[in-house]
>>> print(open('coords-v8.csv').read())   # CSV, C-alpha atoms
chain,number,residue,atom,x,y,z
A,1,MET,CA,103.0,33.5,78.3
A,2,ASN,CA,103.6,36.0,75.6
A,3,LEU,CA,99.9,37.0,75.5
A,4,LYS,CA,99.8,37.4,79.3
A,5,ARG,CA,102.8,39.6,79.1
A,6,ILE,CA,101.3,41.9,76.5
A,7,PHE,CA,98.1,42.0,78.5
A,8,SER,CA,99.9,43.1,81.7
A,9,VAL,CA,101.8,45.8,79.8
A,10,LEU,CA,98.6,47.0,78.5
A,11,VAL,CA,96.9,47.1,81.9
A,12,VAL,CA,99.8,48.9,83.4
A,13,SER,CA,100.0,51.5,80.6
A,14,ILE,CA,96.3,52.1,80.7
A,15,ALA,CA,96.5,52.6,84.5
A,16,LEU,CA,99.4,55.0,84.0
A,17,LEU,CA,97.7,56.9,81.3
A,18,SER,CA,94.4,57.3,83.1
A,19,GLY,CA,96.3,58.3,86.2
A,20,THR,CA,98.1,61.0,84.3
A,21,ILE,CA,94.9,62.3,82.7
A,22,ALA,CA,93.2,62.3,86.2
A,23,CYS,CA,96.1,64.2,87.6
A,24,LYS,CA,96.0,66.8,84.8
A,25,SER,CA,92.3,67.5,85.1
A,26,LYS,CA,92.5,67.7,88.9
A,27,ILE,CA,94.5,70.9,89.3
A,28,SER,CA,93.8,72.0,92.8
A,29,ASP,CA,91.6,75.0,93.6
A,30,ALA,CA,94.6,76.7,95.2
A,31,ASP,CA,96.8,76.2,92.1
A,32,LEU,CA,94.0,77.4,89.9
A,33,LYS,CA,93.6,80.5,92.1
A,34,ALA,CA,97.3,81.3,91.8
A,35,LYS,CA,97.1,80.9,88.0
A,36,VAL,CA,94.1,83.2,87.6
A,37,GLU,CA,95.6,85.7,90.0
A,38,THR,CA,98.8,85.8,87.8
A,39,ALA,CA,96.7,86.2,84.7
A,40,ILE,CA,94.8,89.2,86.0
A,41,GLN,CA,97.6,90.8,88.1
A,42,SER,CA,97.3,94.1,86.2
A,43,ASN,CA,93.9,94.5,88.0
A,44,PRO,CA,94.9,94.9,91.7
A,45,ASN,CA,91.3,95.6,92.8
A,46,VAL,CA,90.0,92.2,91.7
A,47,GLN,CA,89.8,89.4,94.2
A,48,VAL,CA,89.7,85.8,93.0
A,49,GLU,CA,88.0,82.8,94.7
A,50,VAL,CA,88.0,79.3,93.4
A,51,LYS,CA,85.8,76.4,94.4
A,52,ASP,CA,85.7,73.1,92.5
A,53,GLY,CA,87.1,74.7,89.5
A,54,VAL,CA,84.5,77.5,89.5
A,55,VAL,CA,86.2,80.9,89.5
A,56,THR,CA,84.4,83.9,91.2
A,57,LEU,CA,85.7,87.4,90.5
A,58,ASN,CA,84.9,90.1,93.1
A,59,GLY,CA,86.0,93.8,93.3
A,60,THR,CA,86.0,96.8,91.1
A,61,VAL,CA,87.1,97.7,87.6
A,62,GLY,CA,87.1,101.0,85.7
A,63,SER,CA,84.9,100.0,82.8
A,64,ASP,CA,82.6,97.4,81.2
A,65,ASP,CA,85.4,96.5,78.7
A,66,GLU,CA,87.8,95.9,81.6
A,67,LYS,CA,85.2,93.8,83.3
A,68,ALA,CA,84.8,91.5,80.2
A,69,GLN,CA,88.6,91.5,79.7
A,70,VAL,CA,89.3,90.3,83.2
A,71,GLU,CA,86.8,87.5,82.8
A,72,SER,CA,88.3,86.3,79.6
A,73,SER,CA,91.8,86.5,81.1
A,74,ALA,CA,90.6,84.4,84.0
A,75,LYS,CA,89.2,81.8,81.6
A,76,ALA,CA,92.3,81.7,79.5
A,77,ALA,CA,94.5,81.2,82.6
A,78,ASP,CA,93.7,77.5,82.5
A,79,THR,CA,91.2,76.5,79.8
A,80,LYS,CA,90.9,73.0,81.2
A,81,GLY,CA,91.0,73.8,84.9
A,82,VAL,CA,88.5,76.7,84.9
A,83,LYS,CA,85.0,75.2,84.7
A,84,SER,CA,83.2,78.5,84.7
A,85,VAL,CA,83.6,82.1,85.8
A,86,VAL,CA,81.2,83.9,88.0
A,87,ASN,CA,81.8,87.6,87.2
A,88,ASN,CA,80.7,89.8,90.2
A,89,LEU,CA,82.9,92.7,89.2
A,90,VAL,CA,81.4,96.1,89.8
A,91,VAL,CA,82.2,98.9,87.3
A,92,ASN,CA,83.2,101.9,89.3
A,93,SER,CA,82.6,105.3,87.8
A,94,ILE,CA,85.7,106.7,89.4
A,95,SER,CA,88.2,107.1,86.6
A,96,THR,CA,91.7,105.6,87.0
A,97,GLU,CA,93.4,108.1,84.8
A,98,PRO,CA,96.2,110.0,86.5
A,99,ILE,CA,95.1,113.3,88.0
A,100,GLN,CA,96.8,116.4,86.7
A,101,VAL,CA,98.5,118.6,89.2
A,102,ASN,CA,100.2,121.9,88.3
A,103,THR,CA,103.8,121.7,89.7
A,104,ASN,CA,105.1,124.5,87.5
A,105,ASP,CA,105.7,127.1,90.2
A,106,ALA,CA,106.1,130.1,87.9
A,107,ASP,CA,102.8,129.3,86.1
A,108,LEU,CA,101.0,128.5,89.3
A,109,SER,CA,102.3,131.6,91.1
A,110,ALA,CA,101.1,133.9,88.3
A,111,LYS,CA,97.6,132.4,88.4
A,112,VAL,CA,97.5,132.5,92.2
A,113,LEU,CA,98.6,136.2,92.2
A,114,GLU,CA,96.0,137.0,89.6
A,115,PHE,CA,93.2,135.3,91.6
A,116,THR,CA,94.1,136.7,95.0
A,117,LYS,CA,94.1,140.3,93.8
A,118,ASP,CA,90.5,140.2,95.0
A,119,PHE,CA,91.7,139.1,98.4
A,120,PRO,CA,94.0,141.9,99.4
A,121,SER,CA,94.2,140.8,103.1
A,122,VAL,CA,95.6,137.4,102.1
A,123,LYS,CA,99.2,136.6,101.3
A,124,THR,CA,100.3,133.6,99.3
A,125,ALA,CA,103.5,131.7,98.6
A,126,VAL,CA,104.0,128.9,96.0
A,127,VAL,CA,106.7,126.3,96.5
A,128,ASP,CA,106.8,122.9,94.7
A,129,GLY,CA,103.1,123.2,93.7
A,130,VAL,CA,102.0,123.9,97.3
A,131,ILE,CA,100.1,127.1,97.9
A,132,THR,CA,100.7,128.5,101.4
A,133,VAL,CA,98.1,131.0,102.5
A,134,THR,CA,98.6,133.5,105.3
A,135,GLY,CA,97.1,136.8,106.4
A,136,GLU,CA,93.5,137.1,107.4
A,137,LEU,CA,90.0,136.7,105.8
A,138,GLU,CA,86.4,137.0,106.9
A,139,GLN,CA,84.7,133.6,107.3
A,140,ALA,CA,82.2,134.2,104.5
A,141,ARG,CA,84.9,134.4,101.9
A,142,VAL,CA,87.1,131.4,102.9
A,143,GLN,CA,85.2,129.0,100.7
A,144,ALA,CA,85.5,131.3,97.7
A,145,LEU,CA,89.2,131.5,98.3
A,146,LYS,CA,89.7,127.8,98.6
A,147,MET,CA,87.5,127.1,95.5
A,148,GLY,CA,89.5,129.5,93.4
A,149,LEU,CA,92.9,128.1,94.5
A,150,ASP,CA,91.8,124.5,94.1
A,151,ALA,CA,90.6,125.3,90.6
A,152,LEU,CA,94.3,126.0,89.7
A,153,ASN,CA,95.1,122.3,90.4
A,154,PRO,CA,97.8,122.8,93.0
A,155,LYS,CA,99.5,119.9,94.8
A,156,LYS,CA,98.1,121.3,98.1
A,157,VAL,CA,96.6,124.4,99.6
A,158,ASP,CA,97.9,125.0,103.1
A,159,MET,CA,95.6,127.5,104.9
A,160,SER,CA,96.6,126.5,108.4
A,161,GLY,CA,98.3,129.9,108.8
A,162,LEU,CA,95.2,131.9,107.7
A,163,ILE,CA,93.4,133.8,110.4
A,164,VAL,CA,89.7,133.5,109.9
A,165,LYS,CA,87.7,136.5,111.2
B,1,MET,CA,92.4,107.4,109.5
B,2,SER,CA,92.9,107.4,105.8
B,3,LEU,CA,91.8,110.4,103.7
B,4,GLN,CA,89.5,108.2,101.8
B,5,SER,CA,87.6,107.3,105.0
B,6,LYS,CA,87.8,110.8,106.4
B,7,TYR,CA,86.1,112.2,103.3
B,8,LYS,CA,84.0,109.1,102.6
B,9,VAL,CA,80.7,111.1,102.7
B,10,LEU,CA,82.2,113.6,100.2
B,11,ILE,CA,83.4,110.8,97.8
B,12,ASP,CA,80.1,108.9,98.2
B,13,THR,CA,78.1,112.0,97.4
B,14,ALA,CA,80.2,112.8,94.4
B,15,ASN,CA,79.8,109.2,93.2
B,16,ALA,CA,76.0,109.4,93.6
B,17,SER,CA,75.5,112.9,92.1
B,18,GLY,CA,76.5,112.0,88.5
B,19,ILE,CA,79.8,113.7,88.4
B,20,GLU,CA,81.3,113.1,85.0
B,21,GLY,CA,84.9,111.8,84.8
B,22,LEU,CA,85.1,111.7,88.5
B,23,GLN,CA,88.7,111.2,89.7
B,24,VAL,CA,89.6,110.6,93.3
B,25,ALA,CA,93.2,109.8,94.3
B,26,GLU,CA,95.5,110.4,97.2
B,27,MET,CA,98.7,112.0,96.1
B,28,ASP,CA,101.5,113.2,98.5
B,29,GLY,CA,99.1,113.1,101.5
B,30,VAL,CA,96.4,115.1,99.7
B,31,LEU,CA,93.1,113.8,98.4
B,32,GLN,CA,92.8,115.1,94.8
B,33,ILE,CA,89.3,115.3,93.4
B,34,ARG,CA,88.4,116.2,89.8
B,35,GLY,CA,85.3,116.0,87.8
B,36,THR,CA,82.4,117.8,86.1
B,37,ALA,CA,79.2,118.4,88.0
B,38,PRO,CA,75.9,118.3,86.1
B,39,ASN,CA,74.9,121.7,87.6
B,40,ALA,CA,76.1,124.3,90.1
B,41,ASP,CA,73.9,123.0,92.9
B,42,VAL,CA,75.8,119.7,92.9
B,43,LYS,CA,79.1,121.5,93.0
B,44,ASN,CA,77.9,123.7,95.9
B,45,LYS,CA,76.6,120.7,97.8
B,46,LEU,CA,80.0,119.0,97.5
B,47,TRP,CA,81.7,122.2,98.8
B,48,ASP,CA,79.3,122.3,101.7
B,49,ILE,CA,80.1,118.7,102.7
B,50,TYR,CA,83.8,119.4,102.4
B,51,ASN,CA,83.5,122.4,104.6
B,52,GLN,CA,81.5,120.4,107.2
B,53,ILE,CA,84.2,117.7,107.3
B,54,ASP,CA,87.1,120.1,107.4
B,55,PRO,CA,85.9,123.5,108.7
B,56,ASN,CA,87.5,126.4,106.8
B,57,PHE,CA,89.6,123.9,104.9
B,58,LEU,CA,92.4,124.4,107.4
B,59,SER,CA,93.7,120.8,107.1
B,60,GLY,CA,94.7,121.3,103.5
B,61,ASP,CA,94.4,117.6,102.8
B,62,VAL,CA,92.0,118.0,99.9
B,63,VAL,CA,92.2,119.7,96.5
B,64,MET,CA,88.8,119.7,94.9
B,65,ASN,CA,88.5,121.0,91.4
B,66,VAL,CA,84.9,120.3,90.2
B,67,ASP,CA,83.7,122.0,87.0
B,68,VAL,CA,80.1,122.5,86.0
B,69,SER,CA,78.9,121.1,82.7
B,70,THR,CA,76.1,123.5,82.2
B,71,ALA,CA,78.7,126.2,81.7
B,72,VAL,CA,78.5,126.0,77.9
B,73,SER,CA,78.6,128.6,75.2
B,74,GLY,CA,75.4,130.6,75.1
B,75,SER,CA,74.2,129.6,78.6
B,76,GLN,CA,73.3,132.1,81.3
B,77,VAL,CA,75.6,132.6,84.2
B,78,ARG,CA,75.0,134.6,87.4
B,79,VAL,CA,77.5,137.0,88.9
B,80,ILE,CA,78.4,135.8,92.4
B,81,THR,CA,80.8,138.4,93.6
B,82,GLU,CA,80.9,139.1,97.4
B,83,SER,CA,79.3,142.6,97.1
B,84,SER,CA,81.1,144.6,94.4
B,85,ASN,CA,80.6,144.7,90.7
B,86,LEU,CA,82.4,142.3,88.5
B,87,ASN,CA,84.9,143.8,86.1
B,88,ILE,CA,84.6,142.9,82.4
B,89,ARG,CA,87.9,143.2,80.7
B,90,LYS,CA,89.2,143.6,77.2
B,91,GLY,CA,91.3,140.4,77.4
B,92,PRO,CA,91.8,137.5,79.8
B,93,GLY,CA,94.0,138.9,82.6
B,94,THR,CA,93.7,141.5,85.4
B,95,ASP,CA,96.3,143.6,83.5
B,96,GLN,CA,93.7,144.1,80.8
B,97,PRO,CA,91.7,147.4,80.6
B,98,ILE,CA,88.2,147.3,82.1
B,99,VAL,CA,85.5,147.6,79.4
B,100,GLY,CA,82.4,147.2,81.5
B,101,LYS,CA,81.0,146.0,84.8
B,102,ALA,CA,78.3,143.5,85.9
B,103,ALA,CA,76.5,143.9,89.1
B,104,LYS,CA,76.3,141.2,91.8
B,105,ASP,CA,73.5,138.7,91.0
B,106,GLU,CA,73.2,140.0,87.5
B,107,VAL,CA,72.6,137.3,84.9
B,108,ILE,CA,74.8,137.5,81.8
B,109,THR,CA,75.5,135.3,78.8
B,110,LEU,CA,78.6,133.1,78.6
B,111,ILE,CA,80.0,133.3,75.0
B,112,SER,CA,83.0,131.0,75.4
B,113,ARG,CA,85.5,129.8,77.9
B,114,ALA,CA,88.8,131.2,77.1
B,115,ASN,CA,90.5,129.1,79.7
B,116,ASP,CA,89.7,127.8,83.2
B,117,GLN,CA,90.2,131.2,84.8
B,118,TRP,CA,88.7,133.6,82.2
B,119,TRP,CA,85.4,133.4,80.4
B,120,LEU,CA,84.2,135.6,77.6
B,121,VAL,CA,80.8,137.1,78.4
B,122,ARG,CA,78.1,139.5,77.2
B,123,THR,CA,75.9,141.6,79.4
B,124,LYS,CA,72.3,142.5,78.7
B,125,ASP,CA,73.5,145.9,77.5
B,126,GLY,CA,75.7,144.2,74.9
B,127,GLU,CA,79.0,144.8,76.6
B,128,GLU,CA,81.4,142.0,75.8
B,129,GLY,CA,84.6,141.0,77.5
B,130,TYR,CA,86.4,138.7,79.8
B,131,CYS,CA,85.4,137.9,83.4
B,132,TYR,CA,87.1,135.9,86.1
B,133,ALA,CA,85.3,132.5,86.0
B,134,GLN,CA,85.3,132.1,89.8
B,135,TYR,CA,82.7,134.8,90.1
B,136,LEU,CA,80.3,133.3,87.6
B,137,GLU,CA,77.9,130.5,88.5
B,138,PRO,CA,76.1,128.6,85.7
B,139,ILE,CA,72.3,128.6,86.1
B,140,ALA,CA,71.0,125.1,86.1
>>> encode(input="coords-v8.csv", output="structure tokens")
Amino acid sequence: MNLKRIFSVLVVSIALLSGTIACKSKISDADLKAKVETAIQSNPNVQVEVKDGVVTLNGTVGSDDEKAQVESSAKAADTKGVKSVVNNLVVNSISTEPIQVNTNDADLSAKVLEFTKDFPSVKTAVVDGVITVTGELEQARVQALKMGLDALNPKKVDMSGLIVK
Amino acid sequence: MSLQSKYKVLIDTANASGIEGLQVAEMDGVLQIRGTAPNADVKNKLWDIYNQIDPNFLSGDVVMNVDVSTAVSGSQVRVITESSNLNIRKGPGTDQPIVGKAAKDEVITLISRANDQWWLVRTKDGEEGYCYAQYLEPIA
């Protein structure tokens, strides 16, 4: 009687234990995807796919370092659940650093005035980093004007009011 | 249509032409493009494409500031004024006295880049002074 009881307790506990282990290792692909996505959320251009515990990373990153870092973050998201990582990330040469724009109107105005001295038929105004161009200019010099103004890093160059001859 | 797709050909060409430190971002409805082209031909090609997509740049939805990497000290640069001579000035600024002139299409030596707008140059005759960088094109 006593032996039988011990035996049954043993059977039940083994069953429970193995059940728990099975549950733990069987994190669903959807849950794993959510975990990995949370782990790499600082990289919005990366898409995550999970099938049978295999994580596939698609999309773009800014550098080789970032590519490796995203992969290790994906692995670390669930060391047991992630079987392997297929890293299809493409390193894009487009830099992700913020672009400098000159919004100092006084500084920009001075540079615009200096540059447009060679374009006497053109008038300019600078407000909030936007250069507005009016007046008239021969077609052949329009590109030179735009190149010179763009080189000053304005927020925008509005030439819609310029009459091109 | 987004600016990225309107100017897709321009962005793709910039990407494929080896522009160093290429930056492309839409800010306040304007596509800002920055980078350094390997030579003046690449820079000119990008401007031609931009002009084709937006004739005479009237939309004002792009600001493209692409530098040329061959414009280093000691390199040769060509004067690309419209027709007139290029003034060479004592200092960097149009308020500075004129110390010499370089003819259109003349090739002169770049000594240093004082800033983005003014470059220190030397002519074949040995005249030294500052020129407006917009009228100087690096020779690849």
>>> interface_residues(input="coords-v8.csv", of="chain B", to="chain A", cutoff="10 Å", atoms="only C-alpha atoms", output="PyMOL selection string")
chain B and resi 11+14-16+18-35+47-48+50-51+55-67+80-82+93-95+116-117+132-135
>>> atom_distance(input="coords-v8.csv", atom1="atom CA of A:Asn45", atom2="atom CA of A:Asp29")
20.6 Å
>>> residues_around(input="coords-v8.csv", residues="A:Val46", least_positions_apart="3", cutoff="9 Å", atoms="all atoms listed in the file", output="compact mmCIF listing (two decimals) with C-alpha atoms, in the frame of the given file")
# COMPACT_ATOMS: atom_id res chain seq x y z
CA GLU A 37 95.60 85.70 90.00
CA ILE A 40 94.80 89.20 86.00
CA GLN A 41 97.60 90.80 88.10
CA ASN A 43 93.90 94.50 88.00
CA LEU A 57 85.70 87.40 90.50
CA ASN A 58 84.90 90.10 93.10
CA GLY A 59 86.00 93.80 93.30
CA THR A 60 86.00 96.80 91.10
CA VAL A 61 87.10 97.70 87.60
CA VAL A 70 89.30 90.30 83.20
CA LEU A 89 82.90 92.70 89.20
>>> atom_distance(input="coords-v8.csv", atom1="atom CA of B:Asp12", atom2="atom CA of B:Ser75")
29.1 Å
>>> closest_residue(input="coords-v8.csv", among="B:Ile108, B:Ile98, B:Ile88, B:Ala40", to="B:Cys131", atoms="only C-alpha atoms")
B:Ile88
>>> build_atoms(input="coords-v8.csv", residues="stretch 29-40 of chain B", atoms="all heavy atoms", output="mmCIF file, in the frame of the given file")
data_model
loop_
_atom_site.group_PDB
_atom_site.id
_atom_site.type_symbol
_atom_site.label_atom_id
_atom_site.label_comp_id
_atom_site.auth_asym_id
_atom_site.auth_seq_id
_atom_site.Cartn_x
_atom_site.Cartn_y
_atom_site.Cartn_z
ATOM 1 N N GLY B 29 99.831 112.757 100.272
ATOM 2 C CA GLY B 29 99.100 113.100 101.500
ATOM 3 C C GLY B 29 97.920 114.042 101.259
ATOM 4 O O GLY B 29 97.380 114.605 102.207
ATOM 5 N N VAL B 30 97.564 114.278 99.996
ATOM 6 C CA VAL B 30 96.400 115.100 99.700
ATOM 7 C C VAL B 30 95.446 114.367 98.803
ATOM 8 O O VAL B 30 95.848 113.709 97.845
ATOM 9 C CB VAL B 30 96.888 116.428 98.940
ATOM 10 C CG1 VAL B 30 95.692 117.279 98.532
ATOM 11 C CG2 VAL B 30 97.831 117.234 99.824
ATOM 12 N N LEU B 31 94.176 114.446 99.156
ATOM 13 C CA LEU B 31 93.100 113.800 98.400
ATOM 14 C C LEU B 31 92.765 114.721 97.208
ATOM 15 O O LEU B 31 92.209 115.800 97.426
ATOM 16 C CB LEU B 31 91.923 113.490 99.234
ATOM 17 C CG LEU B 31 90.889 112.523 98.647
ATOM 18 C CD1 LEU B 31 91.473 111.122 98.512
ATOM 19 C CD2 LEU B 31 89.644 112.473 99.518
ATOM 20 N N GLN B 32 93.124 114.302 95.999
ATOM 21 C CA GLN B 32 92.800 115.100 94.800
ATOM 22 C C GLN B 32 91.497 114.674 94.220
ATOM 23 O O GLN B 32 91.297 113.488 93.975
ATOM 24 C CB GLN B 32 93.944 114.959 93.766
ATOM 25 C CG GLN B 32 95.304 115.465 94.217
ATOM 26 C CD GLN B 32 95.476 116.968 94.037
ATOM 27 O OE1 GLN B 32 94.642 117.631 93.414
ATOM 28 N NE2 GLN B 32 96.546 117.510 94.591
ATOM 29 N N ILE B 33 90.590 115.617 94.006
ATOM 30 C CA ILE B 33 89.300 115.300 93.400
ATOM 31 C C ILE B 33 89.050 116.136 92.197
ATOM 32 O O ILE B 33 89.241 117.353 92.211
ATOM 33 C CB ILE B 33 88.152 115.568 94.481
ATOM 34 C CG1 ILE B 33 88.413 114.766 95.761
ATOM 35 C CG2 ILE B 33 86.774 115.217 93.898
ATOM 36 C CD1 ILE B 33 87.459 115.066 96.891
ATOM 37 N N ARG B 34 88.677 115.465 91.100
ATOM 38 C CA ARG B 34 88.400 116.200 89.800
ATOM 39 C C ARG B 34 87.107 115.631 89.256
ATOM 40 O O ARG B 34 86.740 114.479 89.494
ATOM 41 C CB ARG B 34 89.516 115.897 88.808
ATOM 42 C CG ARG B 34 90.900 116.317 89.205
ATOM 43 C CD ARG B 34 91.085 117.822 89.092
ATOM 44 N NE ARG B 34 92.468 118.164 89.374
ATOM 45 C CZ ARG B 34 92.984 118.248 90.596
ATOM 46 N NH1 ARG B 34 92.217 118.017 91.634
ATOM 47 N NH2 ARG B 34 94.239 118.557 90.779
ATOM 48 N N GLY B 35 86.474 116.442 88.435
ATOM 49 C CA GLY B 35 85.300 116.000 87.800
ATOM 50 C C GLY B 35 84.425 117.124 87.295
ATOM 51 O O GLY B 35 84.751 118.293 87.532
ATOM 52 N N THR B 36 83.343 116.793 86.612
ATOM 53 C CA THR B 36 82.400 117.800 86.100
ATOM 54 C C THR B 36 81.038 117.537 86.659
ATOM 55 O O THR B 36 80.457 116.482 86.404
ATOM 56 C CB THR B 36 82.417 117.777 84.567
ATOM 57 O OG1 THR B 36 83.756 117.959 84.104
ATOM 58 C CG2 THR B 36 81.533 118.890 84.013
ATOM 59 N N ALA B 37 80.518 118.506 87.410
ATOM 60 C CA ALA B 37 79.200 118.400 88.000
ATOM 61 C C ALA B 37 78.119 118.683 86.994
ATOM 62 O O ALA B 37 78.327 119.528 86.115
ATOM 63 C CB ALA B 37 79.070 119.280 89.220
ATOM 64 N N PRO B 38 76.950 118.018 87.078
ATOM 65 C CA PRO B 38 75.900 118.300 86.100
ATOM 66 C C PRO B 38 75.294 119.700 86.279
ATOM 67 O O PRO B 38 74.731 120.244 85.327
ATOM 68 C CB PRO B 38 74.838 117.219 86.410
ATOM 69 C CG PRO B 38 75.157 116.705 87.761
ATOM 70 C CD PRO B 38 76.620 116.908 87.984
ATOM 71 N N ASN B 39 75.398 120.288 87.438
ATOM 72 C CA ASN B 39 74.900 121.700 87.600
ATOM 73 C C ASN B 39 75.624 122.290 88.841
ATOM 74 O O ASN B 39 76.328 121.614 89.594
ATOM 75 C CB ASN B 39 73.402 121.708 87.789
ATOM 76 C CG ASN B 39 72.933 120.809 88.914
ATOM 77 O OD1 ASN B 39 73.367 120.976 90.055
ATOM 78 N ND2 ASN B 39 72.080 119.849 88.605
ATOM 79 N N ALA B 40 75.386 123.593 89.011
ATOM 80 C CA ALA B 40 76.100 124.300 90.100
ATOM 81 C C ALA B 40 75.618 123.878 91.462
ATOM 82 O O ALA B 40 76.399 123.938 92.419
ATOM 83 C CB ALA B 40 75.817 125.828 89.904
#
